[in-house]
Amino acid sequence: MGSQGRSGSPGNRGPRESEGGEATVARGKRGKRKGKAGTGHGGRGSGAEGKPGLQPARKTAGPGAEAGPGQEGEEGAGVEEGPRSSGKRDEESAGPGKEEERRLGAERREDDSLERARERGCQAWGGIPGTRTAMAAAGDEEAAAASYLDMRALGRLAQVCRWLRRFTSCDLLWRRIARASLNSGFTRLGTDLMASVPVKDRVKVSQNWRLGRCRERILLKWRCSQMPWMQLEDASLYISQANFILAYQFRPDGASLNRQPFRVFAGHDEDVCHFVLANSHIISAGGDGKIGVHKLHSTFTVKYSAHEQEVNCVDCKGGIIVSGSRDRTAKVWPLASGQLGQCLHTIQTEDRVWSIAISPLLSSFVTGTACCGHFSPLRIWDLNSGQLITHLGSDFPPGAGVLDVMYETPSTLLSCGYDTYVRYWDLRTSARKCVMEWEEPHDSTLYCLQTDGNHLLATGSSYYGVVRLWDRRQRACLHAFPLTSTPLSSPVYCLRLTTRHLYAALSYNLHILDFENP
């Protein structure tokens with residue numbers, strides 16, 4: 001009985017069985033490793049079941065395989081199988097019940113180790129600053145595969161476990177969806193205008209723009225009727241009231257203003273018709289025919305006579321000011337402090353100028369006129385020489401004046417006005433025909449327009465303060481928001497938007513449409 005439980009001859013260096021049934025693996029010459037001598041399938045081998053605290057030995061062969069004579073194990077520990085026993089003792093020590101228990105215990109330990117490794121991996125991901133960036137960099141293949149999922153599939157994937165919820169917050173997975181969404185902060189060329197805000201959060205808000213879900217409120221009121229104009233910069237709102245420009249500070253939510261303005265810019269004798277922000281300056285155009293130059297962060301103000309009649313529009317880029325007036329001229333001015341008031345070019349437009357915009361390339365500018373003559377109301381002029389470059393369009397009806405015009409890229413621009421159309425022009429294809437147009441369904445004059453640089457258009461109508469949202473991939477209007485009732489019917493004079501809010505300036509008040517918290 002004693003010789004059957006022992007291992008083979010001393011030269012084999014196999015595992016020895018102690019009296020308690022514990023097996024000790026001999027130390028090899030190249031390393032040390034403690035383990036439990038595995039028993040082969042069907043009762044082969046001499047080791048009995050080890051203590052519960054011992055770690056299971058590494059598997060070097062499948063069940064039922066036996067090590068040949070002189071075969072060495074891993075890490076230099078030569079573990080060999082002893083001579084075959086008669087089978088009686090093996091049946092007593094390793095019956096079917098104990099064999100099943102050993103198998104289940106090994107599977108449980110393996111599952112526990114995998115779970116611990118997974119938890120350590122999740123903790124490691126969560127502890128790294130910039131988790132979304134690290135995940136995107138480490139899992140390029142997974143991110144590339146998941147980026148083909150739609151928004152609903154990504155949302156369901158985030159509910160599986162914590163790791164997937166963190167993984168599906170990567171900006172890389174949402175960029176394709178965001179570029180196809182409305183007002184998500186991406187331009188048509190793919191430029192991210194709001195890199196500091198997670199893309200996933202912007203996609204959530206963009207669904208409210210698409211569905212027209214918002215909360216309408218009034219931010220400011222004034223007693224008498226105005227024709228306000230406004231601009232946004234960072235956390236500040238600049239709005240004109242009569243002959244003043246007031247600067248208000250937004251509260252952290254972006255949906256409310258501090259009651260008192262923190263700056264007031266004055267200098268015009270009549271109402272401010274238009275103004276722009278450029279190079280830390282406010283360039284304003286007044287009904288008194290003057291242009292005002294104000295420093296944003298100081299009391300410096302200069303005004304000079306520019307036109308014989310009211311200045312309806314002004315723009316400034318790259319240190320150059322262009323202005324358009326009711327006196328049927330457009331003029332080019334330098335912004336340099338030593339040259340203020342020195343006109344560089346005077347352009348005879350032969351019609352009243354309602355809108356003006358400088359090209360992003362600083363090589364030309366476009367004027368929108370009243371369309372009372374026999375020529376197109378949209379014309380492009382050379383900024384350096386003042387010469388006419390081209391006319392835009394050839395089918396404008398008489399009186400189809402252009403009230404607002406804006407460049408999107410150096411070769412594309414948008415216009416709207418009295419003919420109730422928004423037109424999209426691409427100078428690379430044709431100057432005679434617009435690429436696409438959208439018609440105001442109630443035949444109202446369009447006073448202003450705004451775009452997110454990608455798919456969203458917002459327009460302001462002349463009756464009842466109607467703001468309309470358009471998807472440029474469709475012809476029909478998406479949503480309409482009437483902001484005034486019949487007794488207080490007013491045009492929408494100016495529109496501005498962010499990824500969360502839309503601001504509309506009317507005759508008596510300033511409205512906000514909050515799409516973040518509808």
# chains A, B, ... in the order shown; residues from 1 in each chain; ligands from 1
>>> residues_around(residues="stretch 477-480 of chain A", least_positions_apart="2", cutoff="9 Å", atoms="only C-alpha atoms", output="mmCIF file with C-alpha atoms, in the first residue's frame")
data_model
loop_
_atom_site.group_PDB
_atom_site.id
_atom_site.type_symbol
_atom_site.label_atom_id
_atom_site.label_comp_id
_atom_site.auth_asym_id
_atom_site.auth_seq_id
_atom_site.Cartn_x
_atom_site.Cartn_y
_atom_site.Cartn_z
ATOM 1 C CA ARG A 210 -34.598 68.736 -34.999
ATOM 2 C CA LEU A 211 -37.874 68.099 -33.131
ATOM 3 C CA GLY A 212 -38.521 71.759 -32.286
ATOM 4 C CA TRP A 438 -36.006 78.138 -49.647
ATOM 5 C CA GLU A 439 -39.259 80.093 -49.799
ATOM 6 C CA GLU A 440 -41.003 81.603 -46.796
ATOM 7 C CA PRO A 441 -44.395 79.796 -46.800
ATOM 8 C CA VAL A 466 -41.945 84.390 -36.674
ATOM 9 C CA VAL A 467 -38.655 82.503 -36.373
ATOM 10 C CA ARG A 468 -38.329 79.543 -38.708
ATOM 11 C CA LEU A 469 -35.876 76.654 -38.581
ATOM 12 C CA TRP A 470 -34.819 74.968 -41.820
ATOM 13 C CA ASP A 471 -32.869 71.834 -42.600
ATOM 14 C CA GLN A 474 -34.969 69.688 -47.268
ATOM 15 C CA ARG A 475 -37.133 72.217 -49.051
ATOM 16 C CA PRO A 482 -44.354 82.979 -33.540
#
>>> residues_around(residues="A:Ser181", least_positions_apart="3", cutoff="10 Å", atoms="only C-alpha atoms", output="ChimeraX atom specification")
/A:175-178,184-186,202-207,209-210,454-456,471
>>> write_last_selection(atoms="N, CA, C and O atoms", output="mmCIF file, in the first residue's frame")
data_model
loop_
_atom_site.group_PDB
_atom_site.id
_atom_site.type_symbol
_atom_site.label_atom_id
_atom_site.label_comp_id
_atom_site.auth_asym_id
_atom_site.auth_seq_id
_atom_site.Cartn_x
_atom_site.Cartn_y
_atom_site.Cartn_z
ATOM 1 N N ARG A 175 -18.688 61.666 -33.647
ATOM 2 C CA ARG A 175 -18.391 62.711 -34.627
ATOM 3 C C ARG A 175 -19.207 62.533 -35.914
ATOM 4 O O ARG A 175 -19.741 63.508 -36.458
ATOM 5 N N ARG A 176 -19.304 61.307 -36.407
ATOM 6 C CA ARG A 176 -20.059 61.087 -37.638
ATOM 7 C C ARG A 176 -21.524 61.433 -37.444
ATOM 8 O O ARG A 176 -22.161 62.038 -38.320
ATOM 9 N N ILE A 177 -22.088 61.061 -36.293
ATOM 10 C CA ILE A 177 -23.482 61.384 -36.003
ATOM 11 C C ILE A 177 -23.655 62.893 -35.839
ATOM 12 O O ILE A 177 -24.637 63.478 -36.313
ATOM 13 N N ALA A 178 -22.690 63.532 -35.175
ATOM 14 C CA ALA A 178 -22.801 64.972 -34.932
ATOM 15 C C ALA A 178 -22.733 65.770 -36.232
ATOM 16 O O ALA A 178 -23.443 66.766 -36.403
ATOM 17 N N SER A 184 -24.748 71.064 -34.132
ATOM 18 C CA SER A 184 -23.957 70.308 -33.161
ATOM 19 C C SER A 184 -22.545 70.871 -33.003
ATOM 20 O O SER A 184 -21.725 70.268 -32.317
ATOM 21 N N GLY A 185 -22.242 72.000 -33.629
ATOM 22 C CA GLY A 185 -20.933 72.622 -33.472
ATOM 23 C C GLY A 185 -19.928 72.251 -34.532
ATOM 24 O O GLY A 185 -18.770 72.652 -34.436
ATOM 25 N N PHE A 186 -20.331 71.492 -35.554
ATOM 26 C CA PHE A 186 -19.439 71.100 -36.642
ATOM 27 C C PHE A 186 -19.822 71.854 -37.909
ATOM 28 O O PHE A 186 -21.008 71.943 -38.243
ATOM 29 N N ARG A 202 -23.693 67.342 -27.145
ATOM 30 C CA ARG A 202 -24.191 68.217 -28.205
ATOM 31 C C ARG A 202 -25.179 67.488 -29.109
ATOM 32 O O ARG A 202 -26.141 68.073 -29.594
ATOM 33 N N VAL A 203 -24.930 66.194 -29.322
ATOM 34 C CA VAL A 203 -25.864 65.416 -30.151
ATOM 35 C C VAL A 203 -27.224 65.317 -29.455
ATOM 36 O O VAL A 203 -28.274 65.373 -30.106
ATOM 37 N N LYS A 204 -27.218 65.182 -28.135
ATOM 38 C CA LYS A 204 -28.492 65.129 -27.401
ATOM 39 C C LYS A 204 -29.284 66.414 -27.604
ATOM 40 O O LYS A 204 -30.492 66.378 -27.861
ATOM 41 N N VAL A 205 -28.615 67.561 -27.491
ATOM 42 C CA VAL A 205 -29.313 68.837 -27.658
ATOM 43 C C VAL A 205 -29.760 69.026 -29.104
ATOM 44 O O VAL A 205 -30.817 69.609 -29.370
ATOM 45 N N SER A 206 -28.975 68.523 -30.040
ATOM 46 C CA SER A 206 -29.330 68.696 -31.458
ATOM 47 C C SER A 206 -30.648 68.005 -31.800
ATOM 48 O O SER A 206 -31.350 68.423 -32.734
ATOM 49 N N GLN A 207 -31.006 66.966 -31.057
ATOM 50 C CA GLN A 207 -32.290 66.316 -31.304
ATOM 51 C C GLN A 207 -33.452 67.235 -30.949
ATOM 52 O O GLN A 207 -34.518 67.171 -31.565
ATOM 53 N N TRP A 209 -33.352 70.500 -31.398
ATOM 54 C CA TRP A 209 -33.453 71.395 -32.551
ATOM 55 C C TRP A 209 -34.225 70.707 -33.683
ATOM 56 O O TRP A 209 -35.067 71.328 -34.347
ATOM 57 N N ARG A 210 -33.935 69.449 -33.904
ATOM 58 C CA ARG A 210 -34.598 68.736 -34.999
ATOM 59 C C ARG A 210 -36.092 68.576 -34.742
ATOM 60 O O ARG A 210 -36.909 68.680 -35.662
ATOM 61 N N ASN A 454 -23.458 74.404 -41.118
ATOM 62 C CA ASN A 454 -23.604 73.047 -41.627
ATOM 63 C C ASN A 454 -25.000 72.835 -42.226
ATOM 64 O O ASN A 454 -25.222 73.171 -43.382
ATOM 65 N N HIS A 455 -25.948 72.329 -41.439
ATOM 66 C CA HIS A 455 -27.264 71.971 -41.977
ATOM 67 C C HIS A 455 -28.389 72.893 -41.529
ATOM 68 O O HIS A 455 -29.449 72.898 -42.157
ATOM 69 N N LEU A 456 -28.201 73.650 -40.459
ATOM 70 C CA LEU A 456 -29.297 74.427 -39.880
ATOM 71 C C LEU A 456 -29.332 75.849 -40.438
ATOM 72 O O LEU A 456 -28.304 76.503 -40.561
ATOM 73 N N ASP A 471 -33.926 72.805 -42.337
ATOM 74 C CA ASP A 471 -32.869 71.834 -42.600
ATOM 75 C C ASP A 471 -32.497 71.993 -44.069
ATOM 76 O O ASP A 471 -33.331 71.804 -44.965
#
>>> residues_around(residues="A:Thr367", least_positions_apart="5", cutoff="10 Å", atoms="only C-alpha atoms", output="PDB file with N, CA, C and O atoms, in the first residue's frame")
ATOM      1  N   CYS A 313     -25.506  99.598 -43.007  1.00  0.00           N
ATOM      2  CA  CYS A 313     -24.784  98.356 -42.740  1.00  0.00           C
ATOM      3  C   CYS A 313     -23.290  98.633 -42.687  1.00  0.00           C
ATOM      4  O   CYS A 313     -22.794  99.606 -43.272  1.00  0.00           O
ATOM      5  N   VAL A 322     -15.890  98.258 -44.257  1.00  0.00           N
ATOM      6  CA  VAL A 322     -16.726  98.607 -45.413  1.00  0.00           C
ATOM      7  C   VAL A 322     -18.092  99.013 -44.890  1.00  0.00           C
ATOM      8  O   VAL A 322     -18.593  98.435 -43.919  1.00  0.00           O
ATOM      9  N   SER A 323     -18.678 100.012 -45.522  1.00  0.00           N
ATOM     10  CA  SER A 323     -19.970 100.532 -45.077  1.00  0.00           C
ATOM     11  C   SER A 323     -20.863 100.757 -46.281  1.00  0.00           C
ATOM     12  O   SER A 323     -20.399 101.048 -47.391  1.00  0.00           O
ATOM     13  N   GLY A 324     -22.174 100.618 -46.091  1.00  0.00           N
ATOM     14  CA  GLY A 324     -23.164 100.866 -47.135  1.00  0.00           C
ATOM     15  C   GLY A 324     -24.230 101.800 -46.621  1.00  0.00           C
ATOM     16  O   GLY A 324     -24.620 101.736 -45.452  1.00  0.00           O
ATOM     17  N   ALA A 330     -21.080 102.740 -51.373  1.00  0.00           N
ATOM     18  CA  ALA A 330     -20.379 101.862 -50.426  1.00  0.00           C
ATOM     19  C   ALA A 330     -18.949 102.361 -50.323  1.00  0.00           C
ATOM     20  O   ALA A 330     -18.348 102.740 -51.337  1.00  0.00           O
ATOM     21  N   THR A 349     -22.982 102.577 -56.117  1.00  0.00           N
ATOM     22  CA  THR A 349     -23.812 101.381 -56.312  1.00  0.00           C
ATOM     23  C   THR A 349     -25.086 101.678 -57.093  1.00  0.00           C
ATOM     24  O   THR A 349     -25.775 100.737 -57.513  1.00  0.00           O
ATOM     25  N   ARG A 352     -29.770 102.025 -53.138  1.00  0.00           N
ATOM     26  CA  ARG A 352     -29.599 102.037 -51.688  1.00  0.00           C
ATOM     27  C   ARG A 352     -29.009 100.698 -51.216  1.00  0.00           C
ATOM     28  O   ARG A 352     -29.464  99.636 -51.646  1.00  0.00           O
ATOM     29  N   VAL A 353     -28.048 100.774 -50.352  1.00  0.00           N
ATOM     30  CA  VAL A 353     -27.360  99.576 -49.864  1.00  0.00           C
ATOM     31  C   VAL A 353     -27.970  99.196 -48.518  1.00  0.00           C
ATOM     32  O   VAL A 353     -27.945  99.978 -47.566  1.00  0.00           O
ATOM     33  N   TRP A 354     -28.502  97.955 -48.447  1.00  0.00           N
ATOM     34  CA  TRP A 354     -29.123  97.466 -47.213  1.00  0.00           C
ATOM     35  C   TRP A 354     -28.212  96.509 -46.436  1.00  0.00           C
ATOM     36  O   TRP A 354     -28.337  96.411 -45.207  1.00  0.00           O
ATOM     37  N   SER A 355     -27.347  95.797 -47.102  1.00  0.00           N
ATOM     38  CA  SER A 355     -26.510  94.800 -46.422  1.00  0.00           C
ATOM     39  C   SER A 355     -25.149  94.737 -47.095  1.00  0.00           C
ATOM     40  O   SER A 355     -25.013  95.067 -48.291  1.00  0.00           O
ATOM     41  N   ILE A 356     -24.156  94.278 -46.332  1.00  0.00           N
ATOM     42  CA  ILE A 356     -22.785  94.227 -46.837  1.00  0.00           C
ATOM     43  C   ILE A 356     -22.004  93.177 -46.055  1.00  0.00           C
ATOM     44  O   ILE A 356     -22.302  92.924 -44.869  1.00  0.00           O
ATOM     45  N   ALA A 357     -21.033  92.524 -46.690  1.00  0.00           N
ATOM     46  CA  ALA A 357     -20.220  91.491 -46.019  1.00  0.00           C
ATOM     47  C   ALA A 357     -18.894  91.354 -46.745  1.00  0.00           C
ATOM     48  O   ALA A 357     -18.834  91.391 -47.985  1.00  0.00           O
ATOM     49  N   ILE A 358     -17.806  91.184 -45.962  1.00  0.00           N
ATOM     50  CA  ILE A 358     -16.462  91.004 -46.497  1.00  0.00           C
ATOM     51  C   ILE A 358     -16.167  89.512 -46.616  1.00  0.00           C
ATOM     52  O   ILE A 358     -16.501  88.723 -45.725  1.00  0.00           O
ATOM     53  N   PRO A 377     -29.409  92.856 -57.390  1.00  0.00           N
ATOM     54  CA  PRO A 377     -29.147  93.504 -56.097  1.00  0.00           C
ATOM     55  C   PRO A 377     -27.909  92.962 -55.390  1.00  0.00           C
ATOM     56  O   PRO A 377     -27.453  93.563 -54.409  1.00  0.00           O
ATOM     57  N   LEU A 378     -27.377  91.824 -55.854  1.00  0.00           N
ATOM     58  CA  LEU A 378     -26.184  91.242 -55.242  1.00  0.00           C
ATOM     59  C   LEU A 378     -25.007  91.424 -56.188  1.00  0.00           C
ATOM     60  O   LEU A 378     -25.002  90.887 -57.300  1.00  0.00           O
ATOM     61  N   ARG A 379     -23.987  92.164 -55.723  1.00  0.00           N
ATOM     62  CA  ARG A 379     -22.814  92.383 -56.542  1.00  0.00           C
ATOM     63  C   ARG A 379     -21.559  92.231 -55.684  1.00  0.00           C
ATOM     64  O   ARG A 379     -21.560  92.610 -54.504  1.00  0.00           O
ATOM     65  N   ILE A 380     -20.530  91.714 -56.297  1.00  0.00           N
ATOM     66  CA  ILE A 380     -19.257  91.483 -55.598  1.00  0.00           C
ATOM     67  C   ILE A 380     -18.227  92.463 -56.152  1.00  0.00           C
ATOM     68  O   ILE A 380     -18.073  92.602 -57.376  1.00  0.00           O
ATOM     69  N   TRP A 381     -17.491  93.121 -55.224  1.00  0.00           N
ATOM     70  CA  TRP A 381     -16.531  94.159 -55.564  1.00  0.00           C
ATOM     71  C   TRP A 381     -15.145  93.768 -55.068  1.00  0.00           C
ATOM     72  O   TRP A 381     -15.010  93.090 -54.038  1.00  0.00           O
ATOM     73  N   VAL A 402     -32.168  92.974 -50.947  1.00  0.00           N
ATOM     74  CA  VAL A 402     -31.486  92.002 -50.087  1.00  0.00           C
ATOM     75  C   VAL A 402     -31.214  92.679 -48.740  1.00  0.00           C
ATOM     76  O   VAL A 402     -30.426  93.626 -48.654  1.00  0.00           O
ATOM     77  N   LEU A 403     -31.863  92.190 -47.687  1.00  0.00           N
ATOM     78  CA  LEU A 403     -31.744  92.793 -46.365  1.00  0.00           C
ATOM     79  C   LEU A 403     -30.638  92.178 -45.521  1.00  0.00           C
ATOM     80  O   LEU A 403     -30.190  92.792 -44.561  1.00  0.00           O
ATOM     81  N   ASP A 404     -30.217  90.962 -45.825  1.00  0.00           N
ATOM     82  CA  ASP A 404     -29.136  90.335 -45.061  1.00  0.00           C
ATOM     83  C   ASP A 404     -28.356  89.416 -45.986  1.00  0.00           C
ATOM     84  O   ASP A 404     -28.940  88.704 -46.818  1.00  0.00           O
ATOM     85  N   VAL A 405     -27.050  89.439 -45.844  1.00  0.00           N
ATOM     86  CA  VAL A 405     -26.159  88.603 -46.642  1.00  0.00           C
ATOM     87  C   VAL A 405     -24.981  88.213 -45.768  1.00  0.00           C
ATOM     88  O   VAL A 405     -24.526  88.995 -44.923  1.00  0.00           O
TER      89      VAL A 405
END
>>> atom_distance(atom1="atom CA of A:Arg215", atom2="atom CA of A:Phe250")
17.3 Å
>>> atom_distance(atom1="atom CA of A:Thr187", atom2="atom CA of A:Asp452")
7.1 Å
